[in-house]
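Below is upload.txt, holding compact mmCIF, C-alpha atoms.
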```
# COMPACT_ATOMS: atom_id res chain seq x y z
CA MET A 16 -1.94 25.00 30.04
CA ALA A 17 -1.74 26.22 26.42
CA LEU A 18 -2.71 23.60 23.85
CA ALA A 19 0.66 23.47 22.07
CA ALA A 20 2.43 22.82 25.35
CA VAL A 21 0.06 19.98 26.23
CA PHE A 22 0.89 18.13 23.02
CA ALA A 23 4.58 18.81 23.47
CA ARG A 24 4.42 17.27 26.95
CA VAL A 25 2.82 14.13 25.60
CA PHE A 26 5.32 13.58 22.80
CA GLY A 27 8.38 15.14 24.43
CA ASP A 28 9.64 18.67 24.90
CA ASP A 29 12.73 18.18 22.77
CA LEU A 30 11.13 17.08 19.50
CA PRO A 31 12.64 18.74 16.41
CA ILE A 32 9.22 20.01 15.38
CA GLU A 33 7.05 23.00 16.13
CA PHE A 34 3.52 22.80 17.57
CA ARG A 35 1.10 25.66 16.97
CA ALA A 36 -2.55 25.90 18.00
CA TYR A 37 -5.58 28.03 17.24
CA ASP A 38 -5.43 29.53 20.76
CA GLY A 39 -2.26 31.35 19.71
CA SER A 40 0.10 29.07 21.59
CA ARG A 41 3.24 27.55 20.12
CA HIS A 42 5.97 25.23 21.34
CA GLY A 43 9.23 24.02 19.88
CA PRO A 44 11.85 25.49 17.54
CA SER A 45 10.44 27.95 15.04
CA ASP A 46 13.21 27.28 12.50
CA CYS A 47 12.48 23.55 12.12
CA SER A 48 11.58 22.01 8.77
CA ALA A 49 8.08 20.87 9.79
CA ALA A 50 5.26 22.04 12.02
CA VAL A 51 2.00 20.56 13.29
CA VAL A 52 -0.81 23.09 13.50
CA LEU A 53 -4.10 22.59 15.36
CA LYS A 54 -6.34 24.85 13.30
CA SER A 55 -9.68 24.32 15.04
CA PRO A 56 -11.31 22.92 18.19
CA LEU A 57 -12.72 20.27 15.85
CA ALA A 58 -9.26 18.69 15.76
CA LEU A 59 -9.53 17.88 19.45
CA ALA A 60 -13.14 16.79 19.04
CA HIS A 61 -11.98 14.19 16.51
CA LEU A 62 -9.36 12.97 18.98
CA ALA A 63 -12.00 12.75 21.70
CA SER A 64 -14.39 10.75 19.53
CA ALA A 65 -11.68 8.33 18.30
CA PRO A 66 -8.50 8.45 20.42
CA GLY A 67 -5.35 7.36 18.63
CA GLU A 68 -4.47 7.11 14.96
CA LEU A 69 -8.05 7.19 13.63
CA GLY A 70 -8.92 10.45 15.39
CA LEU A 71 -5.67 12.09 14.28
CA ALA A 72 -6.23 10.91 10.71
CA ARG A 73 -9.80 12.20 10.65
CA ALA A 74 -8.68 15.59 11.93
CA TYR A 75 -5.96 15.80 9.29
CA VAL A 76 -8.13 14.56 6.41
CA ASN A 77 -10.80 17.12 7.34
CA GLY A 78 -8.21 19.91 7.47
CA HIS A 79 -8.51 20.62 11.21
CA ILE A 80 -4.88 19.60 11.69
CA GLU A 81 -2.29 20.84 9.22
CA VAL A 82 1.25 19.57 8.68
CA GLU A 83 3.45 22.29 7.27
CA GLY A 84 6.60 21.18 5.51
CA ASP A 85 7.42 17.62 4.58
CA MET A 86 4.97 15.04 5.95
CA TYR A 87 7.60 12.31 6.27
CA THR A 88 9.92 14.63 8.21
CA ALA A 89 7.08 15.52 10.57
CA LEU A 90 6.09 11.89 11.19
CA ALA A 91 9.70 10.79 11.65
CA ALA A 92 10.13 13.37 14.41
CA PHE A 93 7.63 11.56 16.65
CA PRO A 94 8.80 8.61 18.72
CA PRO A 95 6.68 5.43 18.63
CA ILE A 96 4.22 5.93 21.50
CA THR A 97 1.07 4.26 22.83
CA ILE A 98 -1.52 5.39 25.38
CA SER A 99 0.13 3.24 28.06
CA ASP A 100 3.40 5.14 27.52
CA ILE A 101 1.77 8.42 28.65
CA PRO A 102 1.98 9.05 32.43
CA LEU A 103 -1.32 8.62 34.24
CA GLY A 104 -1.56 12.29 35.23
CA GLN A 105 -1.19 13.43 31.63
CA ARG A 106 -3.76 10.88 30.48
CA ILE A 107 -6.28 12.22 33.00
CA GLU A 108 -5.57 15.80 31.93
CA LEU A 109 -5.96 14.92 28.26
CA ALA A 110 -9.16 12.97 28.88
CA ALA A 111 -10.70 15.90 30.73
CA ARG A 112 -9.80 18.38 28.00
CA LEU A 113 -10.90 16.15 25.16
CA GLY A 114 -14.16 15.23 26.87
CA ALA A 115 -15.17 18.87 26.90
CA TYR A 116 -14.36 19.28 23.22
CA ARG A 117 -16.37 16.20 22.31
CA MET A 118 -19.40 17.63 24.11
CA TRP A 119 -19.24 21.13 22.63
CA TRP A 120 -17.89 20.33 19.16
CA PRO A 121 -19.55 17.16 17.80
CA VAL A 122 -17.89 15.85 14.63
CA ARG A 123 -18.51 13.31 11.91
CA PRO A 124 -15.97 11.18 10.03
CA PRO A 125 -14.92 12.55 6.63
CA ALA A 126 -17.09 11.45 3.73
CA GLU A 127 -14.07 9.63 2.25
CA GLU A 128 -14.08 7.07 5.05
CA ASN A 129 -15.11 3.62 3.87
CA ARG A 130 -17.17 1.94 6.59
CA ALA A 131 -19.68 -0.01 4.53
CA GLY A 132 -18.24 -3.49 4.77
CA ARG A 133 -21.38 -5.04 3.35
CA GLY A 134 -21.38 -8.76 2.65
CA ARG A 135 -19.05 -11.54 3.66
CA ARG A 136 -15.44 -10.45 4.11
CA HIS A 137 -13.39 -11.34 1.00
CA SER A 138 -16.40 -12.46 -0.98
CA LYS A 139 -16.13 -11.58 -4.67
CA SER A 140 -18.62 -8.71 -4.43
CA ARG A 141 -17.04 -7.18 -1.32
CA ASP A 142 -13.52 -7.58 -2.70
CA SER A 143 -14.64 -5.80 -5.86
CA ARG A 144 -15.98 -2.84 -3.85
CA SER A 145 -12.84 -2.68 -1.71
CA ILE A 146 -10.53 -2.66 -4.73
CA SER A 147 -12.66 -0.08 -6.51
CA TYR A 148 -12.61 2.17 -3.43
CA HIS A 149 -8.83 2.44 -3.56
CA TYR A 150 -7.95 2.14 -7.23
CA ASP A 151 -10.89 3.72 -9.07
CA VAL A 152 -9.93 7.19 -7.86
CA SER A 153 -8.57 8.79 -11.00
CA ASN A 154 -6.06 7.48 -13.51
CA GLN A 155 -4.80 11.04 -13.94
CA PHE A 156 -4.16 11.28 -10.18
CA TYR A 157 -2.21 8.03 -10.24
CA GLU A 158 -0.17 9.20 -13.23
CA TRP A 159 0.96 12.20 -11.20
CA VAL A 160 1.83 10.07 -8.17
CA LEU A 161 3.33 6.97 -9.80
CA GLY A 162 5.01 8.53 -12.80
CA PRO A 163 5.17 7.15 -16.35
CA SER A 164 5.51 3.50 -15.29
CA MET A 165 2.05 3.54 -13.63
CA THR A 166 3.35 0.83 -11.32
CA TYR A 167 1.89 0.82 -7.81
CA THR A 168 4.12 -1.75 -6.14
CA CYS A 169 7.63 -1.88 -4.71
CA ALA A 170 10.40 -1.05 -7.16
CA VAL A 171 13.85 -2.65 -7.09
CA PHE A 172 16.78 -0.25 -6.83
CA GLU A 173 20.08 -1.59 -8.15
CA ARG A 174 21.61 1.52 -6.61
CA GLU A 175 20.19 4.22 -4.33
CA ASP A 176 20.44 6.98 -6.92
CA ALA A 177 18.44 5.06 -9.55
CA THR A 178 15.34 6.86 -10.77
CA LEU A 179 11.91 5.53 -9.90
CA GLU A 180 11.36 4.56 -13.54
CA GLN A 181 14.64 2.64 -13.70
CA ALA A 182 13.77 0.83 -10.48
CA GLN A 183 10.28 -0.12 -11.65
CA TYR A 184 11.74 -1.48 -14.89
CA GLU A 185 14.21 -3.52 -12.83
CA LYS A 186 11.39 -4.86 -10.62
CA HIS A 187 9.40 -6.10 -13.61
CA ASP A 188 12.53 -7.54 -15.18
CA LEU A 189 13.55 -9.28 -11.95
CA VAL A 190 10.11 -10.92 -11.78
CA ALA A 191 10.41 -11.99 -15.41
CA ARG A 192 13.86 -13.47 -14.84
CA LYS A 193 12.78 -15.30 -11.69
CA LEU A 194 9.87 -16.79 -13.63
CA GLY A 195 12.22 -17.83 -16.42
CA LEU A 196 10.13 -16.10 -19.09
CA ARG A 197 11.04 -16.72 -22.71
CA GLU A 198 9.45 -16.00 -26.06
CA GLY A 199 6.24 -17.94 -26.59
CA MET A 200 5.64 -18.72 -22.90
CA SER A 201 2.32 -17.87 -21.28
CA LEU A 202 2.00 -15.65 -18.20
CA LEU A 203 -0.97 -14.94 -15.95
CA ASP A 204 -0.56 -11.74 -13.92
CA ILE A 205 -3.17 -11.44 -11.16
CA GLY A 206 -3.80 -8.07 -9.57
CA ALA A 207 -2.40 -6.62 -12.77
CA GLY A 208 -2.91 -2.96 -11.92
CA TRP A 209 -2.32 -0.74 -14.93
CA GLY A 210 -0.67 -3.60 -16.80
CA GLY A 211 2.99 -2.94 -16.07
CA MET A 212 4.04 -6.58 -15.73
CA VAL A 213 1.91 -7.69 -18.67
CA LEU A 214 3.41 -4.99 -20.88
CA HIS A 215 6.95 -5.84 -19.78
CA ALA A 216 6.53 -9.58 -20.36
CA ALA A 217 5.09 -9.06 -23.82
CA GLU A 218 7.39 -6.27 -24.98
CA HIS A 219 10.72 -7.51 -23.62
CA TYR A 220 10.26 -11.30 -23.49
CA GLY A 221 7.73 -12.05 -26.22
CA ALA A 222 5.49 -13.82 -23.70
CA ARG A 223 1.74 -14.17 -24.15
CA ALA A 224 0.45 -12.36 -21.07
CA ILE A 225 -3.00 -12.10 -19.53
CA GLY A 226 -3.59 -9.74 -16.62
CA VAL A 227 -6.68 -9.44 -14.42
CA THR A 228 -7.77 -6.66 -12.07
CA LEU A 229 -10.91 -5.74 -10.13
CA SER A 230 -10.49 -2.07 -11.04
CA GLU A 231 -12.35 -1.00 -14.18
CA GLU A 232 -10.28 2.17 -14.48
CA GLN A 233 -7.03 0.20 -14.31
CA ALA A 234 -8.24 -2.24 -16.96
CA ASP A 235 -9.31 0.59 -19.29
CA TRP A 236 -5.94 2.36 -18.92
CA ALA A 237 -4.02 -0.89 -19.49
CA ARG A 238 -5.99 -1.79 -22.62
CA HIS A 239 -5.24 1.62 -24.10
CA ALA A 240 -1.52 1.30 -23.26
CA ILE A 241 -1.37 -2.19 -24.81
CA SER A 242 -2.99 -0.92 -28.00
CA GLU A 243 -0.72 2.14 -28.19
CA ARG A 244 2.39 -0.07 -27.98
CA GLY A 245 1.12 -2.44 -30.63
CA LEU A 246 1.08 -5.41 -28.27
CA SER A 247 -2.54 -6.51 -28.58
CA HIS A 248 -1.46 -9.79 -30.21
CA LEU A 249 0.48 -10.74 -27.06
CA ALA A 250 -1.02 -8.86 -24.11
CA GLU A 251 -4.45 -8.53 -22.54
CA VAL A 252 -5.75 -7.01 -19.28
CA ARG A 253 -9.24 -7.94 -18.12
CA TYR A 254 -11.63 -6.54 -15.56
CA GLN A 255 -12.01 -9.89 -13.82
CA ASP A 256 -11.60 -11.65 -10.48
CA TYR A 257 -8.61 -13.99 -10.51
CA ARG A 258 -10.94 -16.73 -9.24
CA ASP A 259 -12.94 -16.47 -12.48
CA VAL A 260 -10.05 -16.91 -14.95
CA PRO A 261 -11.15 -19.85 -17.13
CA GLU A 262 -7.74 -20.68 -18.64
CA SER A 263 -5.16 -22.99 -17.11
CA GLY A 264 -1.86 -24.50 -18.18
CA PHE A 265 0.11 -21.27 -17.81
CA ASP A 266 3.90 -21.46 -17.86
CA ALA A 267 4.17 -18.83 -15.13
CA ILE A 268 2.07 -16.70 -12.77
CA SER A 269 2.98 -13.39 -11.16
CA SER A 270 1.06 -12.01 -8.20
CA ILE A 271 2.43 -8.56 -7.44
CA GLY A 272 0.71 -6.69 -4.63
CA LEU A 273 -2.45 -8.80 -4.53
CA THR A 274 -1.90 -11.08 -1.53
CA GLU A 275 -2.52 -8.13 0.81
CA HIS A 276 -6.14 -8.15 -0.38
CA ILE A 277 -6.70 -11.92 -0.13
CA GLY A 278 -7.13 -12.43 3.63
CA ARG A 279 -5.47 -14.94 5.94
CA ASP A 280 -8.30 -17.48 5.88
CA GLN A 281 -8.36 -17.47 2.08
CA LEU A 282 -4.62 -18.07 1.58
CA PRO A 283 -4.82 -21.88 1.18
CA GLY A 284 -7.52 -21.57 -1.50
CA TYR A 285 -5.63 -18.72 -3.16
CA PHE A 286 -2.45 -20.75 -3.59
CA ARG A 287 -4.32 -23.90 -4.65
CA SER A 288 -6.15 -21.84 -7.29
CA LEU A 289 -2.85 -20.56 -8.68
CA ARG A 290 -1.32 -24.05 -8.60
CA ASP A 291 -4.25 -25.42 -10.60
CA ARG A 292 -3.72 -22.82 -13.33
CA LEU A 293 -0.03 -23.67 -13.77
CA LYS A 294 1.61 -26.37 -15.80
CA VAL A 295 3.53 -28.94 -13.79
CA GLY A 296 6.92 -27.34 -13.26
CA GLY A 297 5.52 -23.83 -13.80
CA ARG A 298 6.64 -21.04 -11.51
CA LEU A 299 4.77 -18.59 -9.27
CA LEU A 300 6.30 -15.34 -8.06
CA ASN A 301 4.36 -13.93 -5.08
CA HIS A 302 5.31 -10.34 -4.23
CA CYS A 303 3.57 -8.84 -1.19
CA ILE A 304 3.79 -6.68 1.92
CA THR A 305 4.08 -8.65 5.15
CA ARG A 306 4.33 -8.17 8.88
CA PRO A 307 7.85 -8.57 10.32
CA ASP A 308 6.80 -11.70 12.23
CA GLY A 309 3.81 -13.66 13.44
CA SER A 310 3.24 -11.65 16.63
CA TYR A 311 1.32 -8.96 14.74
CA PRO A 312 -2.40 -9.10 13.90
CA ALA A 313 -3.22 -9.74 10.25
CA ARG A 314 -5.78 -6.95 9.96
CA THR A 315 -4.46 -3.47 9.34
CA GLY A 316 -4.95 -0.45 11.60
CA LYS A 317 -8.07 1.67 11.53
CA PHE A 318 -6.67 4.43 9.34
CA ILE A 319 -5.43 2.06 6.62
CA SER A 320 -8.53 -0.14 6.73
CA ARG A 321 -10.99 2.77 6.50
CA TYR A 322 -9.19 5.18 4.22
CA VAL A 323 -6.68 3.22 2.15
CA PHE A 324 -7.12 -0.57 1.78
CA PRO A 325 -10.48 -1.78 3.08
CA ASP A 326 -10.29 -5.41 4.26
CA GLY A 327 -6.52 -5.48 3.76
CA GLU A 328 -4.61 -8.12 5.74
CA LEU A 329 -0.87 -8.63 6.19
CA GLU A 330 0.58 -11.96 7.25
CA SER A 331 4.11 -12.84 8.33
CA PRO A 332 6.65 -14.01 5.73
CA ALA A 333 6.69 -17.40 7.44
CA GLU A 334 2.94 -17.76 6.97
CA ILE A 335 3.10 -16.81 3.29
CA LEU A 336 5.91 -19.28 2.68
CA GLY A 337 4.17 -22.01 4.68
CA ARG A 338 0.85 -21.58 2.87
CA MET A 339 2.61 -21.77 -0.50
CA ASN A 340 4.55 -24.84 0.59
CA ASP A 341 1.47 -26.62 1.94
CA ASN A 342 -0.71 -25.96 -1.09
CA GLY A 343 1.18 -27.32 -4.05
CA PHE A 344 4.36 -25.24 -4.37
CA GLU A 345 7.96 -26.13 -3.73
CA VAL A 346 9.49 -22.89 -2.48
CA ARG A 347 12.80 -22.27 -4.22
CA HIS A 348 13.76 -18.67 -3.37
CA GLU A 349 12.73 -15.86 -1.04
CA GLU A 350 13.97 -12.34 -0.39
CA ASN A 351 13.00 -9.26 1.60
CA LEU A 352 12.96 -5.95 -0.31
CA ARG A 353 11.92 -3.79 2.65
CA GLU A 354 14.40 -0.95 2.02
CA HIS A 355 13.40 -0.85 -1.64
CA TYR A 356 9.80 -0.07 -0.74
CA ALA A 357 10.90 2.82 1.46
CA LEU A 358 12.80 4.25 -1.52
CA THR A 359 9.78 3.66 -3.79
CA LEU A 360 7.48 5.52 -1.41
CA ALA A 361 9.93 8.40 -1.16
CA GLY A 362 9.62 8.77 -4.93
CA TRP A 363 5.82 8.66 -4.84
CA CYS A 364 5.69 11.21 -2.00
CA ALA A 365 7.94 13.55 -3.98
CA ASN A 366 5.72 13.14 -7.05
CA LEU A 367 2.59 13.97 -5.03
CA ASP A 368 4.19 17.04 -3.46
CA ARG A 369 5.35 18.24 -6.86
CA ASN A 370 1.85 17.85 -8.31
CA TRP A 371 -0.07 18.78 -5.14
CA ARG A 372 -2.29 21.54 -6.52
CA LYS A 373 -3.28 19.53 -9.57
CA ALA A 374 -3.91 16.45 -7.43
CA VAL A 375 -6.21 18.36 -5.06
CA ALA A 376 -8.11 19.80 -8.01
CA GLU A 377 -8.50 16.30 -9.47
CA VAL A 378 -9.57 14.23 -6.44
CA GLY A 379 -10.32 16.79 -3.72
CA SER A 380 -8.38 17.92 -0.68
CA ALA A 381 -9.50 15.08 1.60
CA ARG A 382 -8.50 12.28 -0.78
CA ALA A 383 -5.17 13.91 -1.56
CA ARG A 384 -4.49 14.29 2.18
CA VAL A 385 -5.18 10.58 2.70
CA TRP A 386 -2.52 9.71 0.13
CA ARG A 387 -0.04 12.21 1.53
CA LEU A 388 -0.41 10.80 5.04
CA TYR A 389 -0.50 7.10 4.23
CA MET A 390 2.45 7.11 1.82
CA ALA A 391 4.70 9.04 4.20
CA ALA A 392 3.67 6.84 7.12
CA SER A 393 4.25 3.69 5.05
CA ARG A 394 7.73 4.87 4.08
CA LEU A 395 8.54 5.31 7.75
CA ALA A 396 7.08 1.89 8.60
CA PHE A 397 9.31 0.15 6.06
CA GLU A 398 12.37 2.03 7.34
CA ARG A 399 11.58 1.06 10.94
CA ASN A 400 10.90 -2.59 9.99
CA ASP A 401 7.27 -2.37 11.07
CA ILE A 402 6.35 -3.90 7.70
CA GLN A 403 8.32 -5.72 5.02
CA LEU A 404 8.10 -6.63 1.33
CA HIS A 405 8.79 -10.23 0.35
CA GLN A 406 9.17 -11.96 -3.00
CA THR A 407 8.67 -15.71 -2.77
CA LEU A 408 9.32 -17.96 -5.76
CA GLY A 409 7.63 -21.35 -5.93
CA VAL A 410 7.32 -24.07 -8.53
CA ARG A 411 4.40 -26.40 -9.06
CA SER A 412 5.76 -29.65 -7.74
CA ALA A 413 6.62 -32.32 -10.30
CA GLY A 414 7.62 -35.11 -7.98
CA GLY A 415 11.39 -35.34 -7.98
CA ALA A 416 11.83 -33.96 -11.48
CA GLY A 417 13.86 -30.76 -11.50
CA SER A 418 12.51 -27.68 -13.28
CA MET A 419 14.84 -25.09 -11.76
CA PRO A 420 18.49 -24.24 -12.50
CA LEU A 421 21.05 -25.58 -10.04
CA ARG A 422 21.74 -21.99 -8.97
CA PRO A 423 19.60 -18.86 -9.45
CA ASP A 424 20.19 -17.43 -12.92
CA TRP A 425 18.38 -14.16 -12.45
```
How does this structure look as structure tokens?
Amino acid sequence: MALAAVFARVFGDDLPIEFRAYDGSRHGPSDCSAAVVLKSPLALAHLASAPGELGLARAYVNGHIEVEGDMYTALAAFPPITISDIPLGQRIELAARLGAYRMWWPVRPPAEENRAGRGRRHSKSRDSRSISYHYDVSNQFYEWVLGPSMTYTCAVFEREDATLEQAQYEKHDLVARKLGLREGMSLLDIGAGWGGMVLHAAEHYGARAIGVTLSEEQADWARHAISERGLSHLAEVRYQDYRDVPESGFDAISSIGLTEHIGRDQLPGYFRSLRDRLKVGGRLLNHCITRPDGSYPARTGKFISRYVFPDGELESPAEILGRMNDNGFEVRHEENLREHYALTLAGWCANLDRNWRKAVAEVGSARARVWRLYMAASRLAFERNDIQLHQTLGVRSAGGAGSMPLRPDW
């Protein structure tokens, strides 16, 4: 059977997508908005060496599979499917075909794959390497993808037609309001990225803000932005592990997009460390991606862990809330912004597509393909409720003394 027809049989004959293969075969409507093209026998060799998402990702990153048209549209056309969903006869047929390709066309993982994993998981040195792998790519590349805000976390859309920049401003402002920031207060922002929250707190609230990140390139970019805006007297971003921050007594702490890098076993120590750096009655806003519930494993899939976020772990919202509650915080508010992250990723995907040629020239085809695949897949995962985004607000307990308004004022 022709290759295109084999893949169509596995995923369904009526998919709104075209399959084409190097043997000249094709299957599906030719006027659809997206097509999957097997460009080389090496694509099947990758699938044979690593069946499932890792093999498909390797083939795409290496350019042996091409997705023509919009990546998100192509991914959305496929139904969720596992090996056990494929009839036994088709599995046997696929195994036989792929086995031959693996023998005659040996392949290696792309050079971009991070498989080192040296040292103890979530030690300071290994965390530093993992963060650097993802974030020390190119500030210019991130400017093209993220836009002027240089904010690499979920935005908050007051309305669906808001621009990405408006939504990122609203996210930072929502965090500031939840934390009750006012002029003269002190803020510690851990996992500060390119300094977006630090800049917002200083510029719009007159807060004294310190941010820390394990990415040297992020810290350099943030320092330059702080200086350009004339905020050096209020704002600072350091290349530093949050565990090494010497100061304490902060009025507020924001952790936006860092918990995903902490690890399940480290969560109690993480929250205790943040509690110890807060004043009694001070607030913590924890903003992170989660699983939908506790039935999922914490560790991410092979594609994400090897190409995107090494050592990343996602817990359930209940676990995040429970760990905060059990380690010194009274939880006062919680909300799920899942749909907002899907909209954020749609904006980033559009930015990457618009700047595709420049992005490839800057970071190489393989790295750009990783970002194109993972951002489109993540958008789909948020839409399908495979992952969520939760903001959890806690206050360092002060016995029975109240330090929160009777009703939310943000």
If I take CA of Gly210 in chain A and CA of Val190 in chain A, how far is one from the other in Å, to one decimal?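 Interatomic distance here is 14.0 Å.
When only C-alpha atoms are used to compute distances to Gln233 in chain A, the closest of the residues A:Leu299, A:Arg279, A:Ile146, A:Gly284 turns out to be A:Ile146.
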With distances taken over all atoms listed in the file, the candidate from A:Gly226, A:Gly327, A:Gly296, A:Gly39 nearest Glu262 in chain A is A:Gly226
Can you list, as a list of chain:residue names, every protein, DNA or RNA residue that comes within 10 Å of Asp46 in chain A when you count all atoms listed in the file, leaving out same-chain residues fewer than 2 positions away? A:Pro31, A:Ile32, A:Glu33, A:Gly43, A:Pro44, A:Ser48, A:Ala49, A:Ala50
Check the smallest atom-to-atom distance from each of A:Leu71, A:Val323, A:Leu62, A:Leu408 to Ala383 in chain A using all atoms listed in the file, then report the winner. A:Val323
By how many Å are CA of Gly309 in chain A and CA of Asn400 in chain A apart?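 Separation between CA of Gly309 in chain A and CA of Asn400 in chain A: 13.6 Å.
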Have a look at A:Leu179, A:Leu203, A:Ala396, A:Val21 and name the one nearest to Glu251 in chain A; count only C-alpha atoms. A:Leu203
How would range 46-61 of chain A look with N, CA and C atoms restored, written as a PDB file, in the frame of the given file?
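See out28.pdb below for the written result:
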```
ATOM      1  N   ASP A  46      12.436  27.403  13.736  1.00  0.00           N
ATOM      2  CA  ASP A  46      13.210  27.280  12.500  1.00  0.00           C
ATOM      3  C   ASP A  46      13.304  25.840  12.018  1.00  0.00           C
ATOM      4  N   CYS A  47      12.439  24.951  12.543  1.00  0.00           N
ATOM      5  CA  CYS A  47      12.480  23.550  12.120  1.00  0.00           C
ATOM      6  C   CYS A  47      11.832  23.386  10.753  1.00  0.00           C
ATOM      7  N   SER A  48      12.037  22.217  10.147  1.00  0.00           N
ATOM      8  CA  SER A  48      11.580  22.010   8.770  1.00  0.00           C
ATOM      9  C   SER A  48      10.127  21.558   8.678  1.00  0.00           C
ATOM     10  N   ALA A  49       9.477  21.310   9.819  1.00  0.00           N
ATOM     11  CA  ALA A  49       8.080  20.870   9.790  1.00  0.00           C
ATOM     12  C   ALA A  49       7.359  21.365  11.033  1.00  0.00           C
ATOM     13  N   ALA A  50       6.065  21.569  10.897  1.00  0.00           N
ATOM     14  CA  ALA A  50       5.260  22.040  12.020  1.00  0.00           C
ATOM     15  C   ALA A  50       3.895  21.370  11.975  1.00  0.00           C
ATOM     16  N   VAL A  51       3.353  21.089  13.151  1.00  0.00           N
ATOM     17  CA  VAL A  51       2.000  20.560  13.290  1.00  0.00           C
ATOM     18  C   VAL A  51       1.126  21.671  13.842  1.00  0.00           C
ATOM     19  N   VAL A  52       0.031  21.958  13.143  1.00  0.00           N
ATOM     20  CA  VAL A  52      -0.810  23.090  13.500  1.00  0.00           C
ATOM     21  C   VAL A  52      -2.224  22.605  13.794  1.00  0.00           C
ATOM     22  N   LEU A  53      -2.699  22.853  15.020  1.00  0.00           N
ATOM     23  CA  LEU A  53      -4.100  22.590  15.360  1.00  0.00           C
ATOM     24  C   LEU A  53      -4.893  23.823  14.946  1.00  0.00           C
ATOM     25  N   LYS A  54      -5.690  23.688  13.895  1.00  0.00           N
ATOM     26  CA  LYS A  54      -6.340  24.850  13.300  1.00  0.00           C
ATOM     27  C   LYS A  54      -7.714  25.132  13.877  1.00  0.00           C
ATOM     28  N   SER A  55      -8.297  24.174  14.612  1.00  0.00           N
ATOM     29  CA  SER A  55      -9.680  24.320  15.040  1.00  0.00           C
ATOM     30  C   SER A  55      -9.952  23.437  16.245  1.00  0.00           C
ATOM     31  N   PRO A  56     -10.902  23.818  17.105  1.00  0.00           N
ATOM     32  CA  PRO A  56     -11.310  22.920  18.190  1.00  0.00           C
ATOM     33  C   PRO A  56     -11.812  21.573  17.674  1.00  0.00           C
ATOM     34  N   LEU A  57     -12.233  21.522  16.412  1.00  0.00           N
ATOM     35  CA  LEU A  57     -12.720  20.270  15.850  1.00  0.00           C
ATOM     36  C   LEU A  57     -11.619  19.210  15.772  1.00  0.00           C
ATOM     37  N   ALA A  58     -10.359  19.652  15.735  1.00  0.00           N
ATOM     38  CA  ALA A  58      -9.260  18.690  15.760  1.00  0.00           C
ATOM     39  C   ALA A  58      -9.292  17.882  17.043  1.00  0.00           C
ATOM     40  N   LEU A  59      -9.486  18.562  18.164  1.00  0.00           N
ATOM     41  CA  LEU A  59      -9.530  17.880  19.450  1.00  0.00           C
ATOM     42  C   LEU A  59     -10.829  17.089  19.605  1.00  0.00           C
ATOM     43  N   ALA A  60     -11.892  17.548  19.001  1.00  0.00           N
ATOM     44  CA  ALA A  60     -13.140  16.790  19.040  1.00  0.00           C
ATOM     45  C   ALA A  60     -12.989  15.455  18.313  1.00  0.00           C
ATOM     46  N   HIS A  61     -12.251  15.445  17.207  1.00  0.00           N
ATOM     47  CA  HIS A  61     -11.980  14.190  16.510  1.00  0.00           C
ATOM     48  C   HIS A  61     -11.160  13.248  17.392  1.00  0.00           C
TER      49      HIS A  61
END
```
